[in-house]
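In what follows, a single structure is set out as structure tokens and then discussed.
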Amino acid sequence: MTSTPINSLRNETSSIKRDLFQEGVIRPIDFPGVSLQNLLKSNVFTSKLPPDPTFPTPESSEKAPRKSLGPRMVQNALYTFVRPSVAEPNPELLATSIAAFRTLGLAPSEAETPEFIRLVSGNGGFEDDVYPWAQCYGGWQFGQWAGQLGDGRAISLFEATNPHTRERYELQLKGAGTTPYSRFADGRAVLRSSIREFVVSEYLHSIGIPSTRALSLTLLPSEFAVRERLEPCAVVSRFAQSWIRIGTFDLLRNRGDRVTLRKLADYVRDEVLQLPPHKAEEGKGNRYEEMYRDIVRRNAETVAKWQAYAFMNGVLNTDNTSVLGLSLDFGPFAFMDDFDPNYTPNHDDHLLRYSYKNQPTIIWWNLVRLAEDTAELFGSLDPDDPIFAAEGVQTPEEGAALVARAEAIIESAGEDYRAAFLSEYRRVMGLKLGLRNVQPEDMDALFSPLLELLEAVGLDYHHFFRRLSHMPVLAGTPEQKLEWAGTFLQHDGAHGGFKKEVALEMITAWLELYINRLRTDEVPETERMRGMAAVNPNFVPRNWVLEEIIARVEKDGDREVLGRVMEMVQRPFEDAWEGIGEDAERWTGDVPKAKRATQCSCSS
């Protein structure tokens with residue numbers, strides 16, 4: 001398939017934009033942004049992919065009684081046209097993300113307009129020529145096939161193109177009402193989980209981890225939903241370059257819908273991944289193999305960053321795994337407190353399937369499911385042969401040859417996954433430790449001993465790196481090294497069962513390893529410390545912090561706390577934040593012992 005003119009323009013513009021940003025010619029903060037009315041909006045997703053055949057047009061959905069839309073099974077489609085069904089007369093805009101406004105190219109002042117509040121609360125203000133939709137997909141959940149899932153409470157409003165960067169994002173509302181994919185649910189999102197997603201998605205972006213984004217958080221004061229208890233509802237307006245997941249492919253393959261699956265693969269390759277036109281070369285796979293390998297690489301690099309920053313998604317089902325490698329659909333997520341590879345933030349994950357140490361393996365497991373979904377396409381020597389495209393392989397011999405090619409590609413992609421993961425993990429860990437030239441042997445000689453130390457002594461993962469970034473270790477005396485080692489210990493006296501003296505000896509022993517490694521790197525001490533402080537955040541939105549913020553907003557009516565935490569979210573590497581005071585000091589200090597390694601439910 002050849003690239004369309006708009007694809008070529010987008011690729012060329014993106015390349016120029018990247019070059020200019022790298023050279024410091026363009027800064028996002030220089031762009032004032034446009035009004036909501038003038039923001040370029042489109043519906044490429046719904047114009048290029050098959051709709052729900054029961055309601056194939058916006059008009060048919062608009063005229064239909066709400067109950068007739070679903071919930072129900074939707075076949076041979078990737079979405080259903082459906083509007084939000086919020087009826088809140090007095091929505092309250094609790095918070096916005098200035099960084100998200102800049103990414104979209106939207107003027108931050110738009111947050112003060114009635115049109116913006118109507119839009120992000122699900123009360124209207126939609127475009128006449130772009131009708132909202134909900135996506136259809138399935139998924140493997142906790143290793144079991146779950147069937148049709150879909151956007152049960154998320155509704156996409158339109159695609160917005162930043163007028164300066166030309167990047168396109170799909171804007172949707174989470175918690176805006178039922179869709180055909182709501183199953184037995186109410187289509188709502190409660191305030192508790194909405195605050196968590198709003199904060200963490202913007203935080204991940206701030207520290208350089210690919211993520212979906214959050215534009216605003218809106219309270220629906222008169223609406224409540226039953227979860228563990230009766231809880232107030234809220235809406236998060238969020239966006240991503242694409243919301244397509246591995247589970248989108250899973251459902252089509254499970255149903256044997258080869259035609260729609262092929263359309264999806266072409267769309268993902270050309271519109272989402274924006275890969276260049278395929279060139280047939282000896283020994284080079286077809287365009288679907290290129291697509292698969294690109295998805296593998298993206299996810300490998302993202303999970304490597306999760307591991308380096310000790311972030312856990314908590315529910316890495318295939319419906320929560322993005323084809324773009326974005327951190328997606330935040331349920332019982334958490335950042336590590338005391339380092340424990342077996343920790344899972346999901347209190348329903350009794351087998352530790354989604355624990356910290358298992359995340360790289362699980363992402364590969366999900367990618368193998370994607371391989372099974374698309375193997376017929378990337379295993380074919382000629383996927384565009386009309387007979388093959390319409391009917392598949394014609395003989396057992398052809399089938400056996402295709403399977404053999406597909407298995408070889410999957411095995412090779414597995415090696416690529418491992419290599420991409422290790423390369424990115426070493427790179428990020430090298431930055432976190434201030435190394436100029438990371439070597440393969442650093443994994444066994446420096447990184448692994450550090451993780452073993454952190455686990456054995458029960459040290460706080462994030463505090464260790466941040467505090468290390470302020471230590472001029474190369475010039476330290478033995479007495480100073482011992483003093484520095486003491487700053488890593490928990491103040492409650494828990495040292496992994498070791499006596500304090502033994503714990504200090506273990507820490508100083510690793511510091512000697514680290515100092516010797518730094519000397520081979522020949523990085524000036526001030527440069528190392530400055531570089532480490534720029535990648536090791538001072539503020540981390542841990543579970544105990546989020547629980548406090550939720551309680552203050554929901555129970556105490558505190559509306560200022562969200563603004564304060566977002567200041568820290570968008571500048572997490574600062575040593576201090578003006579005007580935040582005691583909250584910042586507590587939130588960046590030691591985690592209270594009773595609040596370490598807490599777990600959450602999937603309920604939201």
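Residues are named by chain letter and number: chains run A, B, ... in the order of the structure tokens, numbers start at 1 in each chain, and ligands are numbered from 1 in the order shown.
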Checklist entry - Within 8 Å of stretch 202-217 of chain A, counting only C-alpha atoms, which residues qualify if same-chain residues fewer than 3 places away don't, as an MDAnalysis selection string? => result chainID A and resid 93:98 100:101 120 194:195 197:199 234:240 302 305:306 325:328 535 537 541 569:572
Checklist entry - Which of stretch 131-355 of chain A counts as strand (DSSP E) under DSSP, as a VMD selection string please? => result chain A and resid 133 to 135 138 to 141 144 to 148 154 to 161 168 to 174 189 to 190 213 to 226 230 to 240 311 to 312 334 to 335
Item to check | Every residue of stretch 89-132 of chain A that DSSP places in helix (DSSP H, G or I), as a list of chain:residue names | outcome: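 Put together, the selection reads A:Ile98, A:Ala99, A:Ala100, A:Phe101, A:Arg102, A:Thr103, A:Leu104, A:Pro108, A:Ser109, A:Glu110, A:Ala111, A:Glu112, A:Pro114, A:Glu115, A:Phe116, A:Ile117, A:Arg118, A:Leu119, A:Val120, A:Ser121.
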Go through stretch 102-197 of chain A and flag each residue having an atom no more than 12 Å from stretch 260-276 of chain A; for those, report the closest pair of atoms plus their distance in Å to one decimal, using only C-alpha atoms, ordered by chain and rising number, as a tab-separated table.
```
residue	atom	partner	partner_atom	distance
A:Cys136	CA	A:Leu264	CA	11.8
A:Tyr137	CA	A:Leu261	CA	11.4
A:Glu167	CA	A:Val272	CA	11.1
A:Arg168	CA	A:Val272	CA	9.7
A:Tyr169	CA	A:Val272	CA	10.3
A:Glu170	CA	A:Val272	CA	11.1
```
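Non-sequential neighbours of A:Ser380 (distance at most 9 Å, separation of 6 or more positions within a chain, only C-alpha atoms) are A:Asn286, A:Phe388, A:Val393, A:Ala401, A:Leu402, A:Val403, A:Arg405, A:Ala406.
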Distance query A:Gly70 at most 10 Å, only C-alpha atoms, self and fewer than 2 positions along chain excluded, as an mmCIF file with all heavy atoms, in the first residue's frame:
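Final file, result.cif:
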```
data_model
loop_
_atom_site.group_PDB
_atom_site.id
_atom_site.type_symbol
_atom_site.label_atom_id
_atom_site.label_comp_id
_atom_site.auth_asym_id
_atom_site.auth_seq_id
_atom_site.Cartn_x
_atom_site.Cartn_y
_atom_site.Cartn_z
ATOM 1 N N PRO A 65 -33.484 4.975 20.057
ATOM 2 C CA PRO A 65 -33.621 5.050 21.516
ATOM 3 C C PRO A 65 -32.327 4.570 22.178
ATOM 4 O O PRO A 65 -31.683 3.638 21.695
ATOM 5 C CB PRO A 65 -34.789 4.091 21.804
ATOM 6 C CG PRO A 65 -35.533 3.983 20.513
ATOM 7 C CD PRO A 65 -34.506 4.117 19.438
ATOM 8 N N ARG A 66 -31.963 5.212 23.272
ATOM 9 C CA ARG A 66 -30.675 4.913 23.905
ATOM 10 C C ARG A 66 -30.531 3.427 24.229
ATOM 11 O O ARG A 66 -29.458 2.835 24.031
ATOM 12 C CB ARG A 66 -30.543 5.737 25.184
ATOM 13 C CG ARG A 66 -29.154 5.684 25.807
ATOM 14 C CD ARG A 66 -28.187 6.554 25.045
ATOM 15 N NE ARG A 66 -26.811 6.379 25.479
ATOM 16 C CZ ARG A 66 -25.814 7.154 25.100
ATOM 17 N NH1 ARG A 66 -26.036 8.167 24.294
ATOM 18 N NH2 ARG A 66 -24.586 6.934 25.512
ATOM 19 N N LYS A 67 -31.598 2.817 24.700
ATOM 20 C CA LYS A 67 -31.513 1.409 25.107
ATOM 21 C C LYS A 67 -31.248 0.483 23.936
ATOM 22 O O LYS A 67 -30.662 -0.591 24.105
ATOM 23 C CB LYS A 67 -32.797 0.994 25.822
ATOM 24 C CG LYS A 67 -32.959 1.603 27.206
ATOM 25 C CD LYS A 67 -34.194 1.062 27.907
ATOM 26 C CE LYS A 67 -34.316 1.638 29.317
ATOM 27 N NZ LYS A 67 -35.517 1.130 30.027
ATOM 28 N N SER A 68 -31.671 0.887 22.739
ATOM 29 C CA SER A 68 -31.471 0.007 21.584
ATOM 30 C C SER A 68 -30.010 -0.044 21.148
ATOM 31 O O SER A 68 -29.606 -0.951 20.412
ATOM 32 C CB SER A 68 -32.343 0.468 20.413
ATOM 33 O OG SER A 68 -31.913 1.732 19.927
ATOM 34 N N ARG A 72 -24.702 -4.882 23.916
ATOM 35 C CA ARG A 72 -24.965 -6.021 23.042
ATOM 36 C C ARG A 72 -23.674 -6.421 22.343
ATOM 37 O O ARG A 72 -22.658 -5.721 22.421
ATOM 38 C CB ARG A 72 -26.021 -5.659 21.999
ATOM 39 C CG ARG A 72 -25.614 -4.486 21.141
ATOM 40 C CD ARG A 72 -26.750 -3.973 20.246
ATOM 41 N NE ARG A 72 -26.396 -2.690 19.675
ATOM 42 C CZ ARG A 72 -25.609 -2.522 18.609
ATOM 43 N NH1 ARG A 72 -25.128 -3.586 17.976
ATOM 44 N NH2 ARG A 72 -25.320 -1.333 18.163
ATOM 45 N N MET A 73 -23.698 -7.545 21.668
ATOM 46 C CA MET A 73 -22.569 -7.976 20.847
ATOM 47 C C MET A 73 -22.566 -7.185 19.534
ATOM 48 O O MET A 73 -23.619 -6.992 18.921
ATOM 49 C CB MET A 73 -22.665 -9.465 20.532
ATOM 50 C CG MET A 73 -22.419 -10.379 21.723
ATOM 51 S SD MET A 73 -20.704 -10.354 22.293
ATOM 52 C CE MET A 73 -20.881 -9.397 23.810
ATOM 53 N N VAL A 74 -21.413 -6.731 19.138
ATOM 54 C CA VAL A 74 -21.258 -5.971 17.896
ATOM 55 C C VAL A 74 -20.302 -6.734 16.993
ATOM 56 O O VAL A 74 -19.150 -6.978 17.358
ATOM 57 C CB VAL A 74 -20.718 -4.553 18.175
ATOM 58 C CG1 VAL A 74 -20.465 -3.815 16.861
ATOM 59 C CG2 VAL A 74 -21.689 -3.776 19.051
ATOM 60 N N THR A 178 -23.148 5.149 29.144
ATOM 61 C CA THR A 178 -23.121 3.795 28.597
ATOM 62 C C THR A 178 -22.917 3.797 27.088
ATOM 63 O O THR A 178 -23.239 4.759 26.392
ATOM 64 C CB THR A 178 -24.431 3.048 28.915
ATOM 65 O OG1 THR A 178 -25.523 3.806 28.395
ATOM 66 C CG2 THR A 178 -24.594 2.854 30.410
ATOM 67 N N THR A 179 -22.369 2.689 26.628
ATOM 68 C CA THR A 179 -22.154 2.436 25.202
ATOM 69 C C THR A 179 -22.591 0.999 24.922
ATOM 70 O O THR A 179 -22.941 0.257 25.856
ATOM 71 C CB THR A 179 -20.665 2.591 24.829
ATOM 72 O OG1 THR A 179 -19.954 1.431 25.289
ATOM 73 C CG2 THR A 179 -20.046 3.844 25.446
ATOM 74 N N PRO A 180 -22.569 0.562 23.678
ATOM 75 C CA PRO A 180 -22.883 -0.848 23.411
ATOM 76 C C PRO A 180 -21.935 -1.820 24.108
ATOM 77 O O PRO A 180 -22.214 -3.025 24.148
ATOM 78 C CB PRO A 180 -22.750 -0.938 21.886
ATOM 79 C CG PRO A 180 -23.046 0.437 21.407
ATOM 80 C CD PRO A 180 -22.450 1.338 22.441
ATOM 81 N N TYR A 181 -20.826 -1.311 24.641
ATOM 82 C CA TYR A 181 -19.805 -2.182 25.225
ATOM 83 C C TYR A 181 -19.763 -2.086 26.746
ATOM 84 O O TYR A 181 -18.814 -2.542 27.383
ATOM 85 C CB TYR A 181 -18.442 -1.806 24.626
ATOM 86 C CG TYR A 181 -18.519 -1.666 23.120
ATOM 87 C CD1 TYR A 181 -18.500 -0.404 22.511
ATOM 88 C CD2 TYR A 181 -18.698 -2.788 22.309
ATOM 89 C CE1 TYR A 181 -18.624 -0.278 21.142
ATOM 90 C CE2 TYR A 181 -18.828 -2.664 20.935
ATOM 91 C CZ TYR A 181 -18.792 -1.406 20.356
ATOM 92 O OH TYR A 181 -18.932 -1.294 18.989
ATOM 93 N N SER A 182 -20.816 -1.522 27.344
ATOM 94 C CA SER A 182 -20.832 -1.341 28.794
ATOM 95 C C SER A 182 -21.158 -2.628 29.547
ATOM 96 O O SER A 182 -21.039 -2.660 30.773
ATOM 97 C CB SER A 182 -21.848 -0.250 29.174
ATOM 98 O OG SER A 182 -21.495 0.988 28.615
ATOM 99 N N ARG A 183 -21.603 -3.649 28.840
ATOM 100 C CA ARG A 183 -21.987 -4.919 29.464
ATOM 101 C C ARG A 183 -22.971 -4.646 30.609
ATOM 102 O O ARG A 183 -24.033 -4.106 30.389
ATOM 103 C CB ARG A 183 -20.744 -5.687 29.910
ATOM 104 C CG ARG A 183 -19.863 -6.103 28.727
ATOM 105 C CD ARG A 183 -18.645 -6.889 29.154
ATOM 106 N NE ARG A 183 -17.673 -6.056 29.853
ATOM 107 C CZ ARG A 183 -16.561 -6.502 30.414
ATOM 108 N NH1 ARG A 183 -16.312 -7.807 30.393
ATOM 109 N NH2 ARG A 183 -15.727 -5.690 31.002
#
```
Item to check | Using only C-alpha atoms: which of A:Phe184, A:Ala99, A:Val86, A:Trp364 has the shortest distance to A:Glu415 | outcome: A:Trp364
Give me the residues of stretch 331-399 of chain A that have any atom at most 12 Å from an atom of stretch 142-152 of chain A; for each, the nearest atom pair and the distance in Å, rounded to one decimal. Use only C-alpha atoms, sort by chain and number, and format it as CSV.
```
residue,atom,partner,partner_atom,distance
A:Asn346,CA,A:Phe142,CA,11.7
A:Asp348,CA,A:Phe142,CA,10.1
A:Asp349,CA,A:Phe142,CA,8.4
A:His350,CA,A:Phe142,CA,10.5
A:Leu351,CA,A:Phe142,CA,9.5
A:Leu352,CA,A:Phe142,CA,10.1
A:Arg353,CA,A:Phe142,CA,7.3
A:Tyr354,CA,A:Phe142,CA,8.6
A:Ile362,CA,A:Gly143,CA,9.5
A:Ile363,CA,A:Gly143,CA,11.8
A:Trp365,CA,A:Gly143,CA,9.1
A:Asn366,CA,A:Gly143,CA,9.2
A:Arg369,CA,A:Gly143,CA,10.4
```
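Atom CA of A:Arg192 sits 27.9 Å away from atom CA of A:Tyr79.
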